[in-house]
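Asker: My structure is below; once you've seen it, I'll send some questions.
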Amino acid sequence: MIPKTVHAFIKKVVMGKHPKQAKAIKDRQANVLSIIETLVSAKTTTGSGVITKREIKGVSTKDSGKDKTLIKFAISDGENSVQCVAHNCNEKYGLGTGLKGDVLSAFDTIVRKSLAEGKPIKIKGCYANFKSERVFVIDTIEWAEDVQKSQIDDKIVEAFVKECAKYKIDDVTDEGIPYQRTLTPLDVMMDDTGLWAEIYADNDLKQAILLYCLSPFEKEDMIHIGLITNPGEGKNHLVDKVIIPLVRCRMAGTGKLSTFAAMFGAMSSDDLNSIELGLLPKMNNERIVFSEFQTLEQDVFGEMLNVMSDGYYTMQKGKMDVTRHAMLNMAFFGNPPNYWNEDDHKKEEMLAAFGPYTMPIISRLTLIFAKPTLSNGLDASDKIKQKILQNMDKTVAKGTNKEEIANLRAFFREYLKRVSRYQPKLEKYKAIVGSEFKDIEALEQFKDAFAKRGKTDYRKWAELLNLVKGFSRLNGRKELVMADVNYAITLFKDSLETLTSAFPRSAFRQGLNYEAIELHRQILEKFGNGSGKASGNRS
């Protein structure tokens with residue numbers, strides 16, 4: 001259970017009543033639905049989104065005036081789209097009072113930049129008839145508030161970490177030895193009465209999803225996860241009840257939602273800068289979940305490989321190349337091949353759903369969970385059934401609990417944006433992480449899963465380091481501690497265990513003393529000569 005004072009802290013921050021939080025947290029998602037709702041009434045209104053199309057028309061009629069310009073463009077929030085017009089024509093033209101030439105020019109600069117970079121803008125105007133069309137005539141265009149900028153600052157994060165640390169919780173080591181430790185922000189995020197109140201899941205999956213909910217602002221920060229389970233395990237329910245209420249995320253399914261054009265966009269032959277933005281660039285610095293990924297078209301998988309590594313892609317038309325940023329976390333949720341069954345096939349064969357791109361995709365996935373069922377505890381089945389019953393009866397999110405869950409989602413949405421920008425240094429623990437990875441790398445199971453074509457897979461080393469940094473961020477830390485390393489290594493092994501049929505976890509747990517490892521690190525840090533050895537006088 002989350003302590004009452006932690007709930008009280010979060011509520012004060014969300015309402016803007018905490019001494020270090022002057023403003024209430026508000027919803028800043030892009031939205032053009034408010035514009036669409038005035039289609040008939042033609043009332044002046046505002047909306048925000050990203051430009052997806054731009055077209056310039058020259059106008060010289062008796063009513064418009066000589067040498068006038070009309071800009072047609074589309075603005076989208078990812079769900080809905082609005083056709084807009086901005087112009088400098090005379091009032092007799094029939095589209096209201098035109099803008100001054102320098103104002104129209106300034107507006108067009110914003111439109112072009114939004115189209116090229118996918119940045120959201122805010123527009124104001126009203127609907128009017130244009131020939132046989134109903135268009136939204138623009139009065140003003142300006143840059144929208146950056147939705148990826150957190151509404152809380154480092155002082156709130158630090159205060160929250162201290163508030164959590166006032167409490168002790170019971171835990172057990174890998175060897176099953178009970179002990180007590182301080183409560184952390186990660187513990188609050190994983191609590192079954194909070195963000196996970198509407199779905200039951202094991203801790204390893206909770207941690208993977210929360211890491212995925214961090215926002216990648218550098219390509220090295222991208223975290224991609226794969227989840228391959230039997231049908232009916234609640235993968236889409238996980239998206240609906242945990243991910244989407246917490247962070248900005250879009251789902252891509254089958255058919256028209258997952259074609260190459262829908263994912264990457266389509267370039268106009270008339271205007272090489274005019275691109276119908278695909279889902280990937282729209283979600284730059286955010287997240288996408290591919291539901292039933294085994295049904296994706298093969299050419300989509302092929303181009304996706306570069307995006308997963310580089311955070312951008314290039315579209316070509318003739319001799320023209322246009323680069324689009326798509327730095328985002330990807331999750332692939334799907335089912336094993338139809339022929340697969342647990343008794344006759346190895347776990348690795350569940351991943352054949354990726355087709356000919358299986359090995360390259362596996363290499364790029366930070367974490368992979370290939371297991372028939374998502375929850376393996378002794379009483380997991382009963383808990384899952386109870387959660388389903390509670391959701392049917394609407395008993396989870398109502399009354400006081402409903403308010404607490406809403407506050408948790410609002411607070412952690414901004415918390416994750418803030419801590420995602422932290423860059424804790426890895427150098428301090430490189431010896432420990434390196435030693436652990438060397439042992440894992442030597443396993444036949446690791447070679448079978450990741451290194452079939454060579455001695456190792458250096459992406460896995462980078463991904464393990466990224467997990468270490470990810471746990472530090474989730475706990476609101478700018479500097480690593482040993483717990484971050486422990487969490488990352490354990491989760492990495494959990495993922496590997498689900499991929500292979502006989503992973504010797506017990507061998508890693510026997511005789512591993514993290515206190516001794518930490519003491520060794522401190523000795524090297526103080527007395528080391530840079531080569532991994534240390535020397536000093538007797539005292």
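Lettering and numbering for the structure tokens are positional, with chains as A, B, ... in the shown order, residues counted from 1 in each chain, and ligands counted from 1 in the shown order.
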Mind checking which residues fall within 9 Å of A:Asn129, counting only C-alpha atoms, ignoring those fewer than 5 positions away in the same chain, and posting them as JSON, numbers by chain?
Answerer: {"A": [94, 95, 134, 135, 136]}
Asker: Could those selected residues go to a file with N, CA, C and O atoms, as a CSV table (one decimal), in the first residue's frame?
Answerer:
chain,number,residue,atom,x,y,z
A,94,GLY,N,-14.4,36.5,-49.6
A,94,GLY,CA,-15.3,35.7,-49.0
A,94,GLY,C,-14.8,34.8,-47.9
A,94,GLY,O,-15.5,33.9,-47.4
A,95,LEU,N,-13.5,35.0,-47.5
A,95,LEU,CA,-13.0,34.2,-46.4
A,95,LEU,C,-12.5,35.1,-45.2
A,95,LEU,O,-11.5,34.9,-44.6
A,134,ARG,N,-15.6,23.1,-46.7
A,134,ARG,CA,-15.7,23.8,-45.4
A,134,ARG,C,-14.3,23.8,-44.7
A,134,ARG,O,-13.8,22.7,-44.4
A,135,VAL,N,-13.7,24.9,-44.6
A,135,VAL,CA,-12.4,25.0,-44.1
A,135,VAL,C,-12.3,25.9,-42.9
A,135,VAL,O,-13.1,26.8,-42.7
A,136,PHE,N,-11.2,25.7,-42.1
A,136,PHE,CA,-11.0,26.5,-40.9
A,136,PHE,C,-10.1,27.7,-41.3
A,136,PHE,O,-8.9,27.4,-41.7
Asker: Just want the 9 Å neighbourhood of A:Gly101, counted on only C-alpha atoms, with same-chain residues fewer than 4 positions away dropped. Output as a list in words.
Answerer: Lys68, Thr69, His87, Asn88, Ser105 and Ala106 of chain A
Asker: May I ask which of the residues A:Lys149, A:His18, A:Lys119, A:Lys92 is the closest one to A:Met283, counting only C-alpha atoms?
Answerer: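 Between A:Lys149, A:His18, A:Lys119, A:Lys92, the residue approaching A:Met283 most closely is A:Lys119.
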Asker: Of the candidates A:Glu303, A:Glu55, A:Glu163, A:Glu142, which shows the shortest atom-to-atom distance to A:Val6, using only C-alpha atoms?
Answerer: A:Glu163
Asker: Find the residue from A:Ile440, A:Leu465, A:Ile361, A:Leu33 that sits nearest to A:Pro424; use only C-alpha atoms when measuring.
Answerer: A:Leu465
Asker: Name the closest residue to A:Gln423 among the candidates A:Pro3, A:Gly194, A:Pro245, A:Pro216; distances are taken between atoms, counting only C-alpha atoms.
Answerer: A:Pro216
Asker: For stretch 83-86 of chain A, list every protein, DNA or RNA residue within 7 Å, evaluated using only C-alpha atoms, and leave out those in the same chain fewer than 3 positions away; present the list as a list in words.
Answerer: Leu70, Ile71, Lys72, Phe73, Ala74, Ile75, Val135, Phe136, Val137 and Ile138 of chain A
Asker: From a DSSP calculation on the backbone, collect every residue of stretch 117-195 of chain A in helix (DSSP H, G or I) and output the set as a count of residues only.
Answerer: 18
Asker: Report as a PDB file with C-alpha atoms, in the first residue's frame all protein, DNA and RNA residues lying within 10 Å of stretch 485-491 of chain A, evaluated on only C-alpha atoms, omitting residues in the same chain fewer than 5 positions from it.
Answerer:
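Everything below was put into selection21.pdb:
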ATOM      1  CA  ASP A 174      17.812 -13.072  -4.687  1.00  0.00           C
ATOM      2  CA  ASN A 203       7.265  -7.393 -11.051  1.00  0.00           C
ATOM      3  CA  ASP A 204       9.586  -8.016 -13.995  1.00  0.00           C
ATOM      4  CA  LEU A 205       6.879  -6.978 -16.457  1.00  0.00           C
ATOM      5  CA  GLN A 207       9.586  -2.788 -14.348  1.00  0.00           C
ATOM      6  CA  ALA A 208       9.905  -3.316 -18.099  1.00  0.00           C
ATOM      7  CA  LEU A 367      14.042  -6.601 -23.144  1.00  0.00           C
ATOM      8  CA  LEU A 426      28.077   4.817 -15.738  1.00  0.00           C
ATOM      9  CA  TYR A 429      30.110   0.911 -11.771  1.00  0.00           C
ATOM     10  CA  LYS A 430      31.632  -0.190 -15.064  1.00  0.00           C
ATOM     11  CA  ILE A 432      30.778  -4.554 -11.709  1.00  0.00           C
ATOM     12  CA  VAL A 433      28.479  -4.335 -14.725  1.00  0.00           C
ATOM     13  CA  GLU A 436      28.348  -9.516 -14.658  1.00  0.00           C
ATOM     14  CA  PHE A 437      27.890  -9.108 -18.418  1.00  0.00           C
ATOM     15  CA  ILE A 440      26.184 -13.802 -18.902  1.00  0.00           C
ATOM     16  CA  GLU A 463      21.151  -2.139 -23.701  1.00  0.00           C
ATOM     17  CA  LEU A 464      22.208  -3.424 -20.281  1.00  0.00           C
ATOM     18  CA  LEU A 465      23.928  -0.090 -19.566  1.00  0.00           C
ATOM     19  CA  ASN A 466      20.760   1.712 -20.654  1.00  0.00           C
ATOM     20  CA  LEU A 467      18.744  -0.384 -18.173  1.00  0.00           C
ATOM     21  CA  VAL A 468      21.079   0.682 -15.361  1.00  0.00           C
ATOM     22  CA  LYS A 469      20.533   4.334 -16.261  1.00  0.00           C
ATOM     23  CA  GLY A 470      16.805   3.711 -16.642  1.00  0.00           C
ATOM     24  CA  PHE A 471      16.403   2.417 -13.085  1.00  0.00           C
ATOM     25  CA  SER A 472      18.362   5.392 -11.769  1.00  0.00           C
ATOM     26  CA  LEU A 480      23.896   5.788  -9.890  1.00  0.00           C
ATOM     27  CA  LEU A 496      17.040 -13.936 -20.970  1.00  0.00           C
ATOM     28  CA  GLU A 497      15.477 -16.657 -18.846  1.00  0.00           C
ATOM     29  CA  ARG A 505      19.740 -18.532 -12.695  1.00  0.00           C
ATOM     30  CA  PHE A 508      24.320 -16.613 -10.503  1.00  0.00           C
ATOM     31  CA  TYR A 514      26.843  -7.399  -3.539  1.00  0.00           C
TER      32      TYR A 514
END
Asker: Tell me, as a list in words, which residues lie within 10 Å of A:Gly65, counting only C-alpha atoms; anything in the same chain fewer than 2 positions away does not count.
Answerer: Val59, Ser60, Thr61, Lys62, Asp63, Asp67, Lys68, Thr69, Asn88, Cys89, Asn90, Glu91, Lys92 and Tyr93 of chain A
Asker: Identify which of the residues A:Val419, A:Met1, A:Ala326, A:Ala116 lies closest to A:Val188, counting only C-alpha atoms when measuring atom-to-atom distances.
Answerer: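 Looking at the shortest contact to A:Val188, the residue is A:Met1.
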